[in-house]
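The file entry_34.txt contains compact mmCIF, C-alpha atoms:
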```txt
# COMPACT_ATOMS: atom_id res chain seq x y z
CA MET A 1 86.60 155.06 125.72
CA GLU A 2 86.09 156.07 129.31
CA ILE A 3 89.12 156.46 131.49
CA SER A 4 87.74 154.04 134.12
CA ALA A 5 87.14 151.31 131.54
CA PHE A 6 90.62 151.94 130.14
CA PHE A 7 92.13 151.30 133.57
CA PHE A 8 90.10 148.12 133.93
CA TYR A 9 91.34 146.79 130.59
CA LEU A 10 94.92 147.76 131.47
CA ILE A 11 94.80 145.99 134.86
CA SER A 12 93.11 142.86 133.59
CA SER A 13 95.41 142.49 130.60
CA MET A 14 98.39 142.83 132.92
CA ILE A 15 96.90 140.15 135.21
CA LEU A 16 96.41 137.73 132.34
CA VAL A 17 99.75 138.39 130.62
CA PHE A 18 101.78 138.03 133.80
CA GLY A 19 99.72 135.00 134.84
CA ILE A 20 100.47 133.26 131.54
CA LEU A 21 104.15 134.18 131.86
CA THR A 22 104.17 132.75 135.41
CA VAL A 23 103.08 129.32 134.25
CA THR A 24 105.01 129.20 130.96
CA THR A 25 108.47 130.67 131.58
CA ARG A 26 111.32 128.21 131.83
CA LYS A 27 113.34 130.24 134.34
CA ILE A 28 112.14 129.61 137.88
CA PHE A 29 113.19 132.96 139.37
CA ARG A 30 111.47 134.87 136.59
CA SER A 31 108.38 132.80 137.29
CA ALA A 32 108.37 134.01 140.90
CA ILE A 33 108.80 137.64 139.80
CA TYR A 34 105.96 137.34 137.27
CA LEU A 35 103.82 135.89 140.08
CA LEU A 36 104.68 139.00 142.11
CA PHE A 37 103.46 141.28 139.30
CA THR A 38 100.28 139.23 138.90
CA LEU A 39 99.49 139.59 142.61
CA ILE A 40 100.17 143.35 142.54
CA ASN A 41 97.79 143.71 139.62
CA VAL A 42 95.12 141.71 141.45
CA ALA A 43 95.52 144.18 144.32
CA ALA A 44 95.11 146.99 141.77
CA LEU A 45 91.87 145.34 140.62
CA TYR A 46 90.62 145.40 144.22
CA PHE A 47 91.49 149.09 144.42
CA TYR A 48 89.60 149.61 141.19
CA LEU A 49 86.53 147.91 142.70
CA ASN A 50 86.76 150.16 145.81
CA TYR A 51 87.73 147.33 148.16
CA GLU A 52 90.68 149.13 149.66
CA PHE A 53 90.96 146.93 152.74
CA ILE A 54 91.15 143.73 150.67
CA ALA A 55 93.73 145.38 148.42
CA ALA A 56 95.86 146.30 151.42
CA VAL A 57 95.58 142.76 152.82
CA GLN A 58 96.47 141.36 149.40
CA ILE A 59 99.61 143.49 149.20
CA VAL A 60 100.68 142.77 152.78
CA VAL A 61 100.03 139.03 152.82
CA TYR A 62 100.65 137.94 149.24
CA VAL A 63 103.22 140.39 147.92
CA GLY A 64 105.00 140.93 151.21
CA GLY A 65 104.62 137.43 152.64
CA ILE A 66 104.01 134.58 150.25
CA VAL A 67 106.19 135.73 147.34
CA VAL A 68 109.07 136.44 149.70
CA LEU A 69 108.56 132.98 151.23
CA ILE A 70 108.60 131.40 147.76
CA LEU A 71 111.77 133.29 146.82
CA PHE A 72 113.45 132.15 150.04
CA SER A 73 112.55 128.54 149.40
CA LEU A 74 113.84 128.87 145.83
CA PHE A 75 117.18 130.04 147.17
CA LEU A 76 117.20 127.16 149.66
CA THR A 77 116.31 124.39 147.22
CA HIS A 78 117.47 125.44 143.77
CA GLN A 79 121.02 124.26 143.17
CA VAL A 80 121.82 125.60 139.71
CA ALA A 81 120.41 128.61 137.94
CA GLY A 82 119.46 126.53 134.94
CA ASP A 83 116.24 126.37 133.01
CA LEU A 84 113.41 124.07 133.97
CA PRO A 85 113.11 121.07 131.67
CA SER A 86 110.37 121.39 129.11
CA PRO A 87 107.46 119.04 129.81
CA PRO A 88 106.57 116.43 127.17
CA TRP A 89 104.34 117.74 124.40
CA GLN A 90 101.55 115.29 125.18
CA ARG A 91 101.16 116.78 128.64
CA LEU A 92 101.24 120.33 127.25
CA VAL A 93 98.63 119.60 124.60
CA PHE A 94 96.26 117.77 126.89
CA ALA A 95 96.59 120.33 129.68
CA LEU A 96 95.99 123.18 127.22
CA LEU A 97 92.98 121.48 125.65
CA SER A 98 91.37 120.56 128.96
CA CYS A 99 91.88 124.06 130.38
CA LEU A 100 90.50 125.73 127.25
CA PHE A 101 87.45 123.48 127.16
CA ALA A 102 86.83 123.92 130.89
CA PHE A 103 87.16 127.69 130.52
CA GLY A 104 84.77 127.80 127.59
CA PHE A 105 82.25 125.59 129.35
CA ALA A 106 82.34 127.54 132.62
CA PHE A 107 82.18 130.91 130.92
CA CYS A 108 79.27 129.85 128.69
CA LEU A 109 77.40 128.87 131.86
CA VAL A 110 78.08 132.31 133.33
CA MET A 111 76.96 134.09 130.15
CA LYS A 112 73.69 132.14 130.03
CA HIS A 113 72.89 132.63 133.70
CA SER A 114 70.81 135.69 134.55
CA PHE A 115 72.00 137.04 137.85
CA PRO A 116 69.41 138.49 140.24
CA GLU A 117 69.31 142.24 140.61
CA ASN A 118 69.95 143.58 144.06
CA LYS A 119 67.59 146.35 145.08
CA ASN A 120 68.87 146.94 148.60
CA ALA A 121 71.01 149.91 149.40
CA PRO A 122 74.75 149.13 149.46
CA ILE A 123 76.53 149.40 152.77
CA ASN A 124 79.71 151.36 153.27
CA LEU A 125 82.56 148.90 153.81
CA THR A 126 84.77 150.91 156.11
CA VAL A 127 87.55 149.31 158.11
CA SER A 128 85.70 149.97 161.38
CA TYR A 129 82.64 148.15 159.98
CA ILE A 130 84.82 145.20 158.96
CA GLY A 131 86.42 145.08 162.40
CA LYS A 132 83.07 145.23 164.19
CA GLN A 133 81.56 142.49 162.01
CA MET A 134 84.66 140.34 162.48
CA LEU A 135 84.14 140.28 166.26
CA ASN A 136 80.33 140.32 166.18
CA TYR A 137 78.69 137.20 167.59
CA GLY A 138 75.19 138.27 166.65
CA ASP A 139 73.41 138.10 163.31
CA GLY A 140 75.80 138.38 160.37
CA GLY A 141 78.86 138.29 162.60
CA PHE A 142 82.01 136.34 161.85
CA VAL A 143 83.52 135.65 165.25
CA LEU A 144 83.41 131.85 164.91
CA PRO A 145 85.35 131.63 161.60
CA PHE A 146 87.69 134.29 162.95
CA GLU A 147 88.54 132.15 165.99
CA VAL A 148 88.78 128.97 163.91
CA VAL A 149 91.18 130.68 161.51
CA SER A 150 93.32 131.95 164.35
CA ILE A 151 93.58 128.40 165.76
CA LEU A 152 94.39 127.15 162.25
CA LEU A 153 97.19 129.72 161.88
CA LEU A 154 98.66 128.67 165.20
CA ALA A 155 98.49 125.00 164.18
CA ALA A 156 100.07 125.78 160.79
CA MET A 157 102.90 127.71 162.44
CA ILE A 158 103.66 124.89 164.89
CA GLY A 159 103.35 122.37 162.06
CA CYS A 160 105.82 124.26 159.87
CA ILE A 161 108.40 124.34 162.64
CA ALA A 162 107.83 120.66 163.41
CA ILE A 163 108.14 119.62 159.76
CA ALA A 164 111.12 121.75 158.76
CA PHE A 165 113.02 121.15 161.99
CA LYS A 166 116.35 119.50 161.39
CA THR A 167 116.52 116.31 163.48
CA LYS A 168 119.93 115.58 164.93
CA LYS A 169 121.44 112.37 163.75
CA ASN A 170 122.25 109.93 166.55
CA ALA A 171 125.99 109.76 166.83
CA MET B 1 81.77 153.49 140.91
CA PRO B 2 83.31 151.46 138.13
CA GLU B 3 80.98 150.96 135.20
CA VAL B 4 82.50 147.77 133.87
CA LYS B 5 80.03 144.93 133.43
CA MET B 6 80.28 142.03 135.84
CA THR B 7 80.91 139.43 133.16
CA TYR B 8 84.10 141.22 132.06
CA ILE B 9 85.61 140.84 135.52
CA LEU B 10 84.33 137.27 135.72
CA PHE B 11 86.13 136.63 132.42
CA VAL B 12 89.40 137.77 134.00
CA SER B 13 88.93 135.66 137.12
CA PHE B 14 87.92 132.53 135.17
CA ALA B 15 90.85 132.96 132.80
CA LEU B 16 93.23 133.39 135.75
CA PHE B 17 91.82 130.26 137.39
CA PHE B 18 92.38 128.13 134.30
CA ILE B 19 95.84 129.63 133.75
CA GLY B 20 96.62 128.37 137.23
CA ALA B 21 95.11 124.97 136.43
CA TYR B 22 97.23 124.78 133.27
CA GLY B 23 100.36 125.56 135.26
CA PHE B 24 99.45 122.96 137.85
CA LEU B 25 98.98 120.32 135.16
CA THR B 26 102.14 121.05 133.16
CA ARG B 27 104.72 121.92 135.79
CA ARG B 28 106.56 119.22 137.71
CA ASN B 29 108.62 121.46 139.97
CA MET B 30 106.90 121.61 143.36
CA ILE B 31 107.44 125.33 143.94
CA THR B 32 106.07 126.30 140.54
CA MET B 33 103.07 124.04 141.20
CA LEU B 34 102.57 125.98 144.44
CA MET B 35 102.68 129.24 142.48
CA ALA B 36 99.98 127.91 140.14
CA VAL B 37 97.81 127.08 143.15
CA GLU B 38 98.27 130.65 144.41
CA LEU B 39 97.04 131.96 141.06
CA MET B 40 93.92 129.79 141.35
CA LEU B 41 93.25 131.04 144.88
CA ASN B 42 93.56 134.62 143.68
CA ALA B 43 91.03 133.98 140.93
CA VAL B 44 88.60 132.64 143.53
CA ASN B 45 89.14 135.77 145.65
CA ILE B 46 88.36 138.03 142.68
CA ASN B 47 85.16 136.05 142.15
CA PHE B 48 84.07 136.51 145.76
CA VAL B 49 84.74 140.24 145.70
CA VAL B 50 82.96 140.75 142.37
CA PHE B 51 79.86 138.83 143.44
CA ASN B 52 79.78 140.77 146.68
CA LYS B 53 80.06 144.10 144.91
CA TYR B 54 77.67 143.58 142.01
CA LEU B 55 75.03 141.23 143.42
CA TYR B 56 74.95 141.56 147.21
CA ALA B 57 76.18 145.05 147.95
CA ASP B 58 74.05 145.19 151.10
CA LYS B 59 76.06 142.38 152.71
CA ALA B 60 79.76 141.86 153.34
CA ASP B 61 80.01 138.05 153.24
CA GLY B 62 82.16 137.93 150.11
CA LEU B 63 84.64 140.35 151.66
CA PHE B 64 84.96 138.27 154.83
CA PHE B 65 85.37 135.05 152.88
CA THR B 66 88.11 136.72 150.84
CA ILE B 67 89.92 137.69 154.03
CA PHE B 68 89.65 134.12 155.38
CA ILE B 69 90.83 132.64 152.06
CA ILE B 70 93.88 134.92 152.04
CA THR B 71 94.68 133.87 155.62
CA ILE B 72 94.34 130.17 154.85
CA ALA B 73 96.38 130.59 151.66
CA ALA B 74 99.22 132.06 153.71
CA ALA B 75 99.09 129.12 156.15
CA GLU B 76 98.92 126.66 153.25
CA ALA B 77 101.92 128.22 151.50
CA ALA B 78 103.98 128.09 154.70
CA VAL B 79 103.17 124.43 155.37
CA ALA B 80 103.77 123.51 151.72
CA ILE B 81 107.16 125.19 151.70
CA ALA B 82 108.14 123.43 154.94
CA ILE B 83 107.21 120.10 153.35
CA ILE B 84 109.10 120.99 150.15
CA ILE B 85 112.25 121.89 152.09
CA ASN B 86 112.01 118.60 153.97
CA ILE B 87 111.59 116.67 150.72
CA TYR B 88 114.58 118.51 149.28
CA ARG B 89 116.68 117.38 152.25
CA LYS B 90 115.67 113.77 151.68
CA PHE B 91 115.72 113.49 147.88
CA ARG B 92 118.02 116.43 146.90
CA SER B 93 115.40 117.47 144.36
CA ILE B 94 112.05 119.26 144.33
CA ASP B 95 110.73 117.55 141.24
CA ALA B 96 107.40 115.86 141.93
CA GLU B 97 108.51 112.78 139.98
CA ASP B 98 111.55 112.22 142.19
CA ALA B 99 109.64 111.84 145.46
CA ASP B 100 108.49 108.31 144.68
CA THR B 101 109.11 106.40 147.91
CA LEU B 102 105.39 105.77 148.42
CA LYS B 103 104.92 104.80 144.77
CA TRP B 104 104.37 101.11 144.24
```
Rendering of file as structure tokens:
Amino acid sequence: MEISAFFFYLISSMILVFGILTVTTRKIFRSAIYLLFTLINVAALYFYLNYEFIAAVQIVVYVGGIVVLILFSLFLTHQVAGDLPSPPWQRLVFALLSCLFAFGFAFCLVMKHSFPENKNAPINLTVSYIGKQMLNYGDGGFVLPFEVVSILLLAAMIGCIAIAFKTKKNA
Amino acid sequence: MPEVKMTYILFVSFALFFIGAYGFLTRRNMITMLMAVELMLNAVNINFVVFNKYLYADKADGLFFTIFIITIAAAEAAVAIAIIINIYRKFRSIDAEDADTLKW
């Protein structure tokens, strides 16, 4: 087996194993840590596909931001370090069956579909190219979504503060 | 240049998406449901990157959409956690079954 294929199988098996552990473990803190490992392995998959910038963004935003946020909120809201209650078996069985059938259906569609071959020469996705395209208002530029997303982030930040703000009780 | 076929990586991303869907359907704790949603968003990101790399290597649209999805996922997680903390203050619980004031 080639060494590159071996790394792919290693990374993808880690993604799937930690993903399954994230949604099945009964301890909520372990679930957050398994989520952390899943996200790191997804970043490793981006490195494997030579998308270094996306991998860096994944590590900074997900691993450094979202998982830490989730851990903080667990500390704020989880009273006892007990196990989560096990869901009723009907819900488990039906969720498992529906997910398996949906997965089989979707993947069969992908296997049957013949994807078009791309004959054009690939471009080099350097960080400077990404930055120029992000602020390019011409053909193929992304300045409008960039500005919309920046407004959305501002709105989300203000909204978070407004929602989580502790209102003083009238004495 | 990795020599893995595209369908192998699509298998991983589809499986990760439905793992997330399974977690969203079975869990009733709001924070673990949020984690399941993050898994699904990650699967979508892998899909975008793989299609960009294997099918449209002369464009960068998949990469930009991945960046925007990651940004929106961060905003979504922050707002969701603010709402969860507020619900915890009101109901002293983050179980989705306990927040039933609007339930008739």
Item to check | Selected residue of minimal separation from Ser86 in chain A among B:Arg27, B:Ala74, B:Ala15, B:Met6, counting all atoms listed in the file | outcome: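 The shortest atom-to-atom distance to Ser86 in chain A comes from B:Arg27.
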Item to check | Neighbour residues at most 10 Å from (101.6, 142.0, 142.8) (all atoms listed in the file) as a list of chain:residue names | outcome: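 The requested residues, written out, are A:Ile15, A:Phe18, A:Ile33, A:Tyr34, A:Leu35, A:Leu36, A:Phe37, A:Thr38, A:Leu39, A:Ile40, A:Asn41, A:Val42, A:Ala43, A:Ala44, A:Gln58, A:Ile59, A:Tyr62, A:Val63, A:Gly64, A:Val67.
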Item to check | Long-range neighbours of Ala96 in chain B as a PyMOL selection string, 12 Å cut-off, all atoms listed in the file, 2 positions minimum in chain | outcome: chain B and resi 24-34+84+87-88+91-94+98-101+103
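Considering the residues A:Val57, A:Ile28, A:Leu21, A:Ala164 and counting only C-alpha atoms, Pro85 in chain A has its shortest atom-to-atom contact with A:Ile28.
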Checklist entry - What is the distance between CA of Leu10 in chain B and CA of Val110 in chain A, in Å to one decimal? => result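 Separation between CA of Leu10 in chain B and CA of Val110 in chain A: 8.3 Å.
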Range 59-62 of chain B environment, 12 Å, only C-alpha atoms, sequence neighbours closer than 6 positions dropped, as a PDB file with C-alpha atoms, in the frame of the given file:
```pdb
ATOM      1  CA  TYR A  51      87.730 147.330 148.160  1.00  0.00           C
ATOM      2  CA  ILE A  54      91.150 143.730 150.670  1.00  0.00           C
ATOM      3  CA  ASN A 118      69.950 143.580 144.060  1.00  0.00           C
ATOM      4  CA  ASN A 120      68.870 146.940 148.600  1.00  0.00           C
ATOM      5  CA  ALA A 121      71.010 149.910 149.400  1.00  0.00           C
ATOM      6  CA  PRO A 122      74.750 149.130 149.460  1.00  0.00           C
ATOM      7  CA  ILE A 123      76.530 149.400 152.770  1.00  0.00           C
ATOM      8  CA  ASN A 124      79.710 151.360 153.270  1.00  0.00           C
ATOM      9  CA  LEU A 125      82.560 148.900 153.810  1.00  0.00           C
ATOM     10  CA  THR A 126      84.770 150.910 156.110  1.00  0.00           C
ATOM     11  CA  VAL A 127      87.550 149.310 158.110  1.00  0.00           C
ATOM     12  CA  TYR A 129      82.640 148.150 159.980  1.00  0.00           C
ATOM     13  CA  ILE A 130      84.820 145.200 158.960  1.00  0.00           C
ATOM     14  CA  GLY A 131      86.420 145.080 162.400  1.00  0.00           C
ATOM     15  CA  LYS A 132      83.070 145.230 164.190  1.00  0.00           C
ATOM     16  CA  GLN A 133      81.560 142.490 162.010  1.00  0.00           C
ATOM     17  CA  MET A 134      84.660 140.340 162.480  1.00  0.00           C
ATOM     18  CA  ASP A 139      73.410 138.100 163.310  1.00  0.00           C
ATOM     19  CA  GLY A 140      75.800 138.380 160.370  1.00  0.00           C
ATOM     20  CA  GLY A 141      78.860 138.290 162.600  1.00  0.00           C
ATOM     21  CA  PHE A 142      82.010 136.340 161.850  1.00  0.00           C
ATOM     22  CA  PRO A 145      85.350 131.630 161.600  1.00  0.00           C
TER      23      PRO A 145
ATOM     24  CA  VAL B  44      88.600 132.640 143.530  1.00  0.00           C
ATOM     25  CA  ASN B  45      89.140 135.770 145.650  1.00  0.00           C
ATOM     26  CA  ILE B  46      88.360 138.030 142.680  1.00  0.00           C
ATOM     27  CA  ASN B  47      85.160 136.050 142.150  1.00  0.00           C
ATOM     28  CA  PHE B  48      84.070 136.510 145.760  1.00  0.00           C
ATOM     29  CA  VAL B  49      84.740 140.240 145.700  1.00  0.00           C
ATOM     30  CA  VAL B  50      82.960 140.750 142.370  1.00  0.00           C
ATOM     31  CA  PHE B  51      79.860 138.830 143.440  1.00  0.00           C
ATOM     32  CA  ASN B  52      79.780 140.770 146.680  1.00  0.00           C
ATOM     33  CA  LYS B  53      80.060 144.100 144.910  1.00  0.00           C
ATOM     34  CA  PHE B  68      89.650 134.120 155.380  1.00  0.00           C
ATOM     35  CA  ILE B  69      90.830 132.640 152.060  1.00  0.00           C
TER      36      ILE B  69
END
```
Item to check | Radius query 8 Å about (89.4, 131.7, 140.6), atoms used: all atoms listed in the file, as a ChimeraX atom specification | outcome: /B:13-14,16-18,39-47
Checklist entry - Between CA of Asp83 in chain A and CA of Gly19 in chain A, what is the distance, to one decimal in Å? => result 18.7 Å
With 6 Å as the cut-off and only C-alpha atoms counted, what is the closest atom pair between each nearby residue of chain B and chain A? Distances in Å to one decimal, ordered by chain and number, as JSON lines.
```
{"residue": "B:Phe18", "atom": "CA", "partner": "A:Cys99", "partner_atom": "CA", "distance": 5.7}
{"residue": "B:Tyr22", "atom": "CA", "partner": "A:Ala95", "partner_atom": "CA", "distance": 5.8}
{"residue": "B:Gly23", "atom": "CA", "partner": "A:Val23", "partner_atom": "CA", "distance": 4.7}
{"residue": "B:Leu25", "atom": "CA", "partner": "A:Ala95", "partner_atom": "CA", "distance": 6.0}
{"residue": "B:Leu55", "atom": "CA", "partner": "A:Asn118", "partner_atom": "CA", "distance": 5.6}
{"residue": "B:Ala57", "atom": "CA", "partner": "A:Pro122", "partner_atom": "CA", "distance": 4.6}
{"residue": "B:Asp58", "atom": "CA", "partner": "A:Pro122", "partner_atom": "CA", "distance": 4.3}
{"residue": "B:Ala75", "atom": "CA", "partner": "A:Ala156", "partner_atom": "CA", "distance": 5.8}
{"residue": "B:Val79", "atom": "CA", "partner": "A:Cys160", "partner_atom": "CA", "distance": 5.2}
{"residue": "B:Ala82", "atom": "CA", "partner": "A:Ala164", "partner_atom": "CA", "distance": 5.1}
{"residue": "B:Asn86", "atom": "CA", "partner": "A:Ala164", "partner_atom": "CA", "distance": 5.8}
```
Item to check | Coordinates-based distance that separates CA of Tyr54 in chain B from CA of Ala56 in chain A (Å, one decimal) | outcome: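 Here the two named atoms are 20.7 Å from each other.
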Item to check | Given only C-alpha atoms as the counted atoms, nearest of B:Asp95, B:Gly20, B:Val4, B:Glu38 to Ile70 in chain B | outcome: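 Checking each candidate against Ile70 in chain B, we get B:Glu38 as the closest.
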